[in-house]
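*Asks:* Data file input_16.txt (compact mmCIF, C-alpha atoms) is appended below.
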# COMPACT_ATOMS: atom_id res chain seq x y z
CA GLY A 1 69.90 92.19 77.68
CA ASN A 2 73.13 91.61 75.81
CA SER A 3 74.55 88.11 75.66
CA VAL A 4 77.06 85.95 73.79
CA THR A 5 76.85 82.24 73.13
CA GLN A 6 79.88 80.23 72.05
CA MET A 7 80.13 76.66 70.92
CA GLU A 8 80.88 74.40 73.80
CA GLY A 9 84.31 72.96 74.16
CA PRO A 10 86.71 71.57 74.61
CA VAL A 11 87.83 71.39 70.99
CA THR A 12 90.73 69.14 70.07
CA LEU A 13 92.32 69.26 66.63
CA SER A 14 95.45 68.05 64.92
CA GLU A 15 98.07 70.48 63.72
CA GLU A 16 97.26 72.06 60.32
CA ALA A 17 93.54 71.34 60.69
CA PHE A 18 90.87 73.94 59.90
CA LEU A 19 89.34 75.66 62.90
CA THR A 20 85.90 77.13 63.42
CA ILE A 21 84.59 78.33 66.76
CA ASN A 22 80.99 79.48 66.55
CA CYS A 23 79.79 82.62 68.27
CA THR A 24 76.34 84.19 68.20
CA TYR A 25 75.11 87.23 70.05
CA THR A 26 72.06 89.10 71.22
CA ALA A 27 72.34 92.83 71.65
CA THR A 28 70.32 96.00 71.93
CA GLY A 29 71.87 98.72 69.85
CA TYR A 30 74.87 98.24 67.59
CA PRO A 31 77.55 96.15 69.24
CA SER A 32 81.22 95.93 68.51
CA LEU A 33 82.46 92.35 68.47
CA PHE A 34 85.72 90.90 69.73
CA TRP A 35 87.65 87.70 70.08
CA TYR A 36 90.00 87.47 73.04
CA VAL A 37 92.49 84.68 73.69
CA GLN A 38 93.80 83.48 77.03
CA TYR A 39 96.98 81.39 76.98
CA PRO A 40 97.68 79.16 79.98
CA GLY A 41 98.53 81.18 83.06
CA GLU A 42 98.09 84.52 81.32
CA GLY A 43 95.57 87.33 80.99
CA LEU A 44 93.30 88.03 78.06
CA GLN A 45 94.72 89.34 74.83
CA LEU A 46 92.66 90.94 72.10
CA LEU A 47 92.90 88.70 69.04
CA LEU A 48 90.69 90.61 66.61
CA LYS A 49 87.74 92.95 66.43
CA ALA A 50 84.98 94.20 64.13
CA THR A 51 82.99 97.33 64.77
CA LYS A 52 80.24 97.24 62.13
CA ALA A 53 78.30 94.82 59.99
CA ASP A 54 80.27 92.99 57.28
CA ASP A 55 83.61 94.04 58.79
CA LYS A 56 86.21 91.29 58.86
CA GLY A 57 88.67 91.25 61.71
CA SER A 58 91.92 89.36 61.20
CA ASN A 59 95.14 88.70 63.09
CA LYS A 60 97.77 85.93 63.23
CA GLY A 61 95.89 83.92 60.58
CA PHE A 62 92.59 84.09 62.47
CA GLU A 63 89.55 85.72 60.89
CA ALA A 64 85.99 86.56 61.90
CA THR A 65 83.26 88.39 59.98
CA TYR A 66 80.55 90.47 61.65
CA ARG A 67 77.29 89.04 60.28
CA LYS A 68 74.37 91.16 61.37
CA GLU A 69 71.77 89.08 59.53
CA THR A 70 72.71 85.94 61.46
CA THR A 71 74.00 87.78 64.59
CA SER A 72 77.20 85.79 64.38
CA PHE A 73 80.95 86.32 64.62
CA HIS A 74 82.52 82.92 64.02
CA LEU A 75 86.27 82.54 64.47
CA GLU A 76 88.20 80.68 61.75
CA LYS A 77 91.76 79.70 60.98
CA GLY A 78 92.88 77.74 57.99
CA SER A 79 95.75 75.82 59.57
CA VAL A 80 96.17 75.67 63.32
CA GLN A 81 99.43 75.22 65.19
CA VAL A 82 100.24 73.74 68.58
CA SER A 83 100.93 77.27 69.80
CA ASP A 84 97.26 78.17 69.18
CA SER A 85 96.22 76.02 72.13
CA ALA A 86 94.40 78.39 74.47
CA VAL A 87 90.94 79.46 75.62
CA TYR A 88 89.08 81.70 73.18
CA PHE A 89 86.41 84.16 74.25
CA CYS A 90 83.89 85.90 72.04
CA ALA A 91 82.70 89.23 73.43
CA LEU A 92 80.57 92.22 72.59
CA SER A 93 80.35 95.80 73.72
CA VAL A 94 77.68 98.41 73.05
CA GLY A 95 79.05 101.92 73.16
CA ALA A 96 81.71 102.63 75.75
CA GLN A 97 80.37 99.99 78.05
CA LYS A 98 81.43 96.74 79.63
CA LEU A 99 82.44 93.71 77.64
CA VAL A 100 79.98 90.83 77.72
CA PHE A 101 81.78 87.53 77.25
CA GLY A 102 80.79 84.12 76.06
CA GLN A 103 81.66 81.16 78.23
CA GLY A 104 84.95 80.49 76.47
CA THR A 105 86.09 77.60 74.28
CA ARG A 106 89.17 75.62 75.22
CA LEU A 107 91.19 74.66 72.15
CA THR A 108 93.89 72.00 72.21
CA ILE A 109 96.06 71.34 69.15
CA ASN A 110 97.92 68.05 69.01
CA PRO A 111 101.15 67.71 67.00
CA ASP B 112 102.53 93.12 77.31
CA SER B 113 99.29 95.12 77.32
CA GLY B 114 100.66 97.95 79.43
CA VAL B 115 98.16 97.28 82.23
CA THR B 116 99.75 96.17 85.48
CA GLN B 117 98.16 94.39 88.41
CA THR B 118 99.49 93.56 91.83
CA PRO B 119 99.80 91.21 93.52
CA LYS B 120 99.91 88.32 91.09
CA HIS B 121 98.78 85.81 93.70
CA LEU B 122 97.00 86.29 96.99
CA ILE B 123 96.17 83.60 99.53
CA THR B 124 94.07 84.53 102.51
CA ALA B 125 91.49 83.18 104.93
CA THR B 126 87.73 83.51 105.12
CA GLY B 127 86.55 86.68 106.77
CA GLN B 128 89.63 88.66 105.78
CA ARG B 129 89.92 91.78 103.61
CA VAL B 130 92.24 92.27 100.64
CA THR B 131 93.06 95.03 98.18
CA LEU B 132 93.91 94.44 94.55
CA ARG B 133 95.70 97.14 92.61
CA CYS B 134 95.61 98.06 88.95
CA SER B 135 97.53 100.62 86.89
CA PRO B 136 95.99 101.31 83.48
CA ARG B 137 97.86 101.97 80.27
CA SER B 138 99.32 105.42 80.00
CA GLY B 139 96.60 107.83 78.91
CA ASP B 140 93.67 105.46 79.43
CA LEU B 141 90.98 107.01 81.61
CA SER B 142 88.64 104.03 81.91
CA VAL B 143 89.30 101.11 84.21
CA TYR B 144 87.17 97.97 84.35
CA TRP B 145 87.24 95.12 86.84
CA TYR B 146 86.22 91.56 85.92
CA GLN B 147 86.02 88.34 87.87
CA GLN B 148 86.80 85.00 86.24
CA SER B 149 85.63 81.88 88.04
CA LEU B 150 85.02 78.34 86.88
CA ASP B 151 81.29 78.42 87.54
CA GLN B 152 80.45 82.02 86.53
CA GLY B 153 82.90 82.59 83.70
CA LEU B 154 84.06 86.14 83.03
CA GLN B 155 81.81 88.66 84.75
CA PHE B 156 81.97 92.44 84.76
CA LEU B 157 82.18 93.96 88.21
CA ILE B 158 82.58 97.72 87.92
CA GLN B 159 83.87 100.53 85.70
CA TYR B 160 85.51 103.83 86.57
CA TYR B 161 86.14 106.71 84.24
CA ASN B 162 88.52 109.48 85.28
CA GLY B 163 87.88 108.90 88.95
CA GLU B 164 84.13 108.46 88.84
CA GLU B 165 82.09 105.29 88.94
CA ARG B 166 80.55 104.80 85.50
CA ALA B 167 78.85 101.40 85.58
CA LYS B 168 78.21 98.57 87.96
CA GLY B 169 77.77 94.92 87.19
CA ASN B 170 77.47 91.86 89.37
CA ILE B 171 79.52 93.29 92.20
CA LEU B 172 78.75 92.15 95.72
CA GLU B 173 78.13 94.68 98.49
CA ARG B 174 81.21 93.28 100.25
CA PHE B 175 83.28 94.51 97.31
CA SER B 176 84.16 98.10 96.56
CA ALA B 177 86.48 99.93 94.22
CA GLN B 178 87.87 103.36 93.55
CA GLN B 179 90.00 105.16 91.02
CA PHE B 180 92.56 107.66 92.25
CA PRO B 181 93.69 110.97 90.70
CA ASP B 182 96.72 109.25 89.13
CA LEU B 183 94.16 106.90 87.50
CA HIS B 184 95.25 103.72 89.23
CA SER B 185 92.42 101.71 90.70
CA GLU B 186 91.94 99.46 93.69
CA LEU B 187 89.40 96.73 94.24
CA ASN B 188 88.65 96.01 97.89
CA LEU B 189 87.18 92.66 98.85
CA SER B 190 86.02 92.19 102.43
CA SER B 191 84.48 89.46 104.60
CA LEU B 192 85.92 87.01 102.13
CA GLU B 193 84.20 83.71 101.47
CA LEU B 194 85.45 80.54 99.83
CA GLY B 195 83.39 81.39 96.75
CA ASP B 196 85.33 84.59 96.21
CA SER B 197 88.32 82.55 95.06
CA ALA B 198 88.81 83.59 91.45
CA LEU B 199 91.01 85.39 88.98
CA TYR B 200 90.39 89.15 89.05
CA PHE B 201 91.25 91.12 85.94
CA CYS B 202 91.61 94.80 85.42
CA ALA B 203 91.27 96.31 81.95
CA SER B 204 91.66 99.81 80.57
CA SER B 205 90.43 101.44 77.41
CA PRO B 206 91.54 104.43 75.37
CA ARG B 207 89.89 107.75 75.87
CA ARG B 208 88.83 108.67 72.37
CA ILE B 209 87.51 105.50 70.90
CA SER B 210 83.96 104.53 70.16
CA TYR B 211 84.16 100.78 70.11
CA ASN B 212 85.61 100.18 73.55
CA GLU B 213 88.63 98.02 72.88
CA GLN B 214 89.88 96.97 76.29
CA PHE B 215 93.39 95.97 77.29
CA PHE B 216 93.69 93.46 80.09
CA GLY B 217 96.22 93.09 82.84
CA PRO B 218 97.68 89.69 83.81
CA GLY B 219 95.22 89.28 86.66
CA THR B 220 95.38 88.61 90.38
CA ARG B 221 94.62 85.08 91.47
CA LEU B 222 92.84 85.14 94.81
CA THR B 223 92.60 81.98 96.88
CA VAL B 224 90.44 82.04 100.00
CA LEU B 225 91.08 79.16 102.39
How does this structure look as structure tokens?
*Replies:*
Amino acid sequence: GNSVTQMEGPVTLSEEAFLTINCTYTATGYPSLFWYVQYPGEGLQLLLKATKADDKGSNKGFEATYRKETTSFHLEKGSVQVSDSAVYFCALSVGAQKLVFGQGTRLTINP
Amino acid sequence: DSGVTQTPKHLITATGQRVTLRCSPRSGDLSVYWYQQSLDQGLQFLIQYYNGEERAKGNILERFSAQQFPDLHSELNLSSLELGDSALYFCASSPRRISYNEQFFGPGTRLTVL
């Protein structure tokens, strides 16, 4: 079956630090990959996506590259801000099907 | 604002009761998905509808049912509620002509069963 594994949290960083949240996947077929973010008390927002191997998704300073050879889609940001504190979910979808989510990584940024 | 609306925002009820959660997808989106978010199970897919027809089923209990109406809004019905049904329930919709299934999520309904 299809599955997503994220690095366990919580992750706590200082402002302006470099962020990496690891995500690996297992899928039958050719998945599309997503990062969603959930701010406190809110729903999920799509942060970025990549639909084929070697694609790089980017948004708001966050980046992730679809690596088929390592089945990974790690999320990175060069300099985090307090406002980036949230829960981040890696997800995949094969065709027009359901999203399969990782367990989520809670990120806290201290000033 | 994703354009997906869900009502109510909060729902508190007792065990054994029945509730209905409502979702309106983004304008033009034909697919509606329901997800459950709980502390122990994480985010789990429940069911998908496409243009009024059930398209896929996930880990949805028999006590739960859903439907999508001609105006494309969807309702998730939860009956014989148990304490373990307390969770955040999300609805999402996706565009019609897209191959990679980007989904837009509503703000969720927080259900508390006492």
*Asks:* Using all atoms listed in the file and a cutoff of 10 Å, can you tell me which residues are near (72.6, 93.0, 68.4) in the file's coordinates, and write them out as a PyMOL selection string?
*Replies:* chain A and resi 1-4+24-33+68-72+92-94
*Asks:* Counting all atoms listed in the file, which residues of chain B sit at most 12 Å from some atom of chain A, and what is each one's closest atom pair with its distance in Å to one decimal, listed by chain and rising residue number, as JSON lines?
*Replies:*
{"residue": "B:Asp112", "atom": "CA", "partner": "A:Gln45", "partner_atom": "CA", "distance": 9.0}
{"residue": "B:Ser113", "atom": "CA", "partner": "A:Gln45", "partner_atom": "CA", "distance": 7.8}
{"residue": "B:Gly114", "atom": "CA", "partner": "A:Gln45", "partner_atom": "CA", "distance": 11.4}
{"residue": "B:Val115", "atom": "CA", "partner": "A:Gly43", "partner_atom": "CA", "distance": 10.4}
{"residue": "B:Thr116", "atom": "CA", "partner": "A:Gly43", "partner_atom": "CA", "distance": 10.8}
{"residue": "B:Gln117", "atom": "CA", "partner": "A:Gly43", "partner_atom": "CA", "distance": 10.6}
{"residue": "B:Lys120", "atom": "CA", "partner": "A:Glu42", "partner_atom": "CA", "distance": 10.6}
{"residue": "B:His121", "atom": "CA", "partner": "A:Gly41", "partner_atom": "CA", "distance": 11.6}
{"residue": "B:Leu141", "atom": "CA", "partner": "A:Ala96", "partner_atom": "CA", "distance": 11.8}
{"residue": "B:Ser142", "atom": "CA", "partner": "A:Ala96", "partner_atom": "CA", "distance": 9.4}
{"residue": "B:Val143", "atom": "CA", "partner": "A:Lys98", "partner_atom": "CA", "distance": 10.1}
{"residue": "B:Tyr144", "atom": "CA", "partner": "A:Lys98", "partner_atom": "CA", "distance": 7.5}
{"residue": "B:Trp145", "atom": "CA", "partner": "A:Lys98", "partner_atom": "CA", "distance": 9.4}
{"residue": "B:Tyr146", "atom": "CA", "partner": "A:Leu99", "partner_atom": "CA", "distance": 9.4}
{"residue": "B:Gln147", "atom": "CA", "partner": "A:Phe101", "partner_atom": "CA", "distance": 11.5}
{"residue": "B:Gln148", "atom": "CA", "partner": "A:Gln103", "partner_atom": "CA", "distance": 10.3}
{"residue": "B:Ser149", "atom": "CA", "partner": "A:Gln103", "partner_atom": "CA", "distance": 10.6}
{"residue": "B:Leu150", "atom": "CA", "partner": "A:Gln103", "partner_atom": "CA", "distance": 9.7}
{"residue": "B:Asp151", "atom": "CA", "partner": "A:Gln103", "partner_atom": "CA", "distance": 9.7}
{"residue": "B:Gln152", "atom": "CA", "partner": "A:Gln103", "partner_atom": "CA", "distance": 8.4}
{"residue": "B:Gly153", "atom": "CA", "partner": "A:Gln103", "partner_atom": "CA", "distance": 5.8}
{"residue": "B:Leu154", "atom": "CA", "partner": "A:Phe101", "partner_atom": "CA", "distance": 6.4}
{"residue": "B:Gln155", "atom": "CA", "partner": "A:Val100", "partner_atom": "CA", "distance": 7.6}
{"residue": "B:Phe156", "atom": "CA", "partner": "A:Lys98", "partner_atom": "CA", "distance": 6.7}
{"residue": "B:Leu157", "atom": "CA", "partner": "A:Lys98", "partner_atom": "CA", "distance": 9.1}
{"residue": "B:Ile158", "atom": "CA", "partner": "A:Lys98", "partner_atom": "CA", "distance": 8.4}
{"residue": "B:Gln159", "atom": "CA", "partner": "A:Lys98", "partner_atom": "CA", "distance": 7.6}
{"residue": "B:Tyr160", "atom": "CA", "partner": "A:Gln97", "partner_atom": "CA", "distance": 10.7}
{"residue": "B:Tyr161", "atom": "CA", "partner": "A:Ala96", "partner_atom": "CA", "distance": 10.4}
{"residue": "B:Arg166", "atom": "CA", "partner": "A:Gln97", "partner_atom": "CA", "distance": 8.9}
{"residue": "B:Ala167", "atom": "CA", "partner": "A:Gln97", "partner_atom": "CA", "distance": 7.8}
{"residue": "B:Lys168", "atom": "CA", "partner": "A:Lys98", "partner_atom": "CA", "distance": 9.1}
{"residue": "B:Gly169", "atom": "CA", "partner": "A:Lys98", "partner_atom": "CA", "distance": 8.6}
{"residue": "B:Asn170", "atom": "CA", "partner": "A:Lys98", "partner_atom": "CA", "distance": 11.6}
{"residue": "B:Leu199", "atom": "CA", "partner": "A:Gly43", "partner_atom": "CA", "distance": 9.4}
{"residue": "B:Tyr200", "atom": "CA", "partner": "A:Gly43", "partner_atom": "CA", "distance": 9.8}
{"residue": "B:Phe201", "atom": "CA", "partner": "A:Gly43", "partner_atom": "CA", "distance": 7.6}
{"residue": "B:Cys202", "atom": "CA", "partner": "A:Gly43", "partner_atom": "CA", "distance": 9.5}
{"residue": "B:Ala203", "atom": "CA", "partner": "A:Leu44", "partner_atom": "CA", "distance": 9.4}
{"residue": "B:Ser204", "atom": "CA", "partner": "A:Lys98", "partner_atom": "CA", "distance": 10.7}
{"residue": "B:Ser205", "atom": "CA", "partner": "A:Ala96", "partner_atom": "CA", "distance": 9.0}
{"residue": "B:Pro206", "atom": "CA", "partner": "A:Ala96", "partner_atom": "CA", "distance": 10.0}
{"residue": "B:Arg207", "atom": "CA", "partner": "A:Ala96", "partner_atom": "CA", "distance": 9.7}
{"residue": "B:Arg208", "atom": "CA", "partner": "A:Ala96", "partner_atom": "CA", "distance": 9.9}
{"residue": "B:Ile209", "atom": "CA", "partner": "A:Ala96", "partner_atom": "CA", "distance": 8.1}
{"residue": "B:Ser210", "atom": "CA", "partner": "A:Gly95", "partner_atom": "CA", "distance": 6.3}
{"residue": "B:Tyr211", "atom": "CA", "partner": "A:Ser32", "partner_atom": "CA", "distance": 5.9}
{"residue": "B:Asn212", "atom": "CA", "partner": "A:Ala96", "partner_atom": "CA", "distance": 5.1}
{"residue": "B:Glu213", "atom": "CA", "partner": "A:Leu46", "partner_atom": "CA", "distance": 8.2}
{"residue": "B:Gln214", "atom": "CA", "partner": "A:Leu46", "partner_atom": "CA", "distance": 7.9}
{"residue": "B:Phe215", "atom": "CA", "partner": "A:Gln45", "partner_atom": "CA", "distance": 7.2}
{"residue": "B:Phe216", "atom": "CA", "partner": "A:Leu44", "partner_atom": "CA", "distance": 5.8}
{"residue": "B:Gly217", "atom": "CA", "partner": "A:Gly43", "partner_atom": "CA", "distance": 6.1}
{"residue": "B:Pro218", "atom": "CA", "partner": "A:Gly43", "partner_atom": "CA", "distance": 4.2}
{"residue": "B:Gly219", "atom": "CA", "partner": "A:Gly43", "partner_atom": "CA", "distance": 6.0}
{"residue": "B:Thr220", "atom": "CA", "partner": "A:Gly43", "partner_atom": "CA", "distance": 9.5}
{"residue": "B:Arg221", "atom": "CA", "partner": "A:Gly41", "partner_atom": "CA", "distance": 10.1}
*Asks:* Let me have the centre and edge lengths in Å, one decimal, of the box along x, y and z around every listed atom of range 134-147 of chain B with 5 Å of margin on each side, as JSON.
*Replies:*
{"center_x": 92.7, "center_y": 98.1, "center_z": 83.9, "size_x": 23.3, "size_y": 29.5, "size_z": 20.0}
*Asks:* Using all atoms listed in the file, pick whichever of B:Ser185, B:Leu172, B:Ile123, B:Gly163 has the shortest atom-to-atom distance to Pro136 in chain B.
*Replies:*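 Under the stated criterion, the closest residue is B:Ser185.
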*Asks:* Interatomic distance between CA of Ala86 in chain A and CA of Val11 in chain A?
*Replies:*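 Between CA of Ala86 in chain A and CA of Val11 in chain A the gap works out to 10.2 Å.
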*Asks:* Please report the interatomic distance between CA of Lys77 in chain A and CA of Leu19 in chain A in Å with one decimal.
*Replies:*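 Taking CA of Lys77 in chain A as the start and CA of Leu19 in chain A as the end point, the length is 5.1 Å.
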*Asks:* One decimal, Å: what's the distance from CA of Glu8 in chain A over to CA of Ala91 in chain A, could you say?
*Replies:*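 A separation of 14.9 Å between them.
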*Asks:* Kindly indicate which residue among A:Tyr39, A:Arg106, A:Cys90, A:Ser85 lies nearest to Phe73 in chain A, using all atoms listed in the file for the distances.
*Replies:*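 Of A:Tyr39, A:Arg106, A:Cys90, A:Ser85, the one nearest Phe73 in chain A, counting all atoms listed in the file, is A:Cys90.
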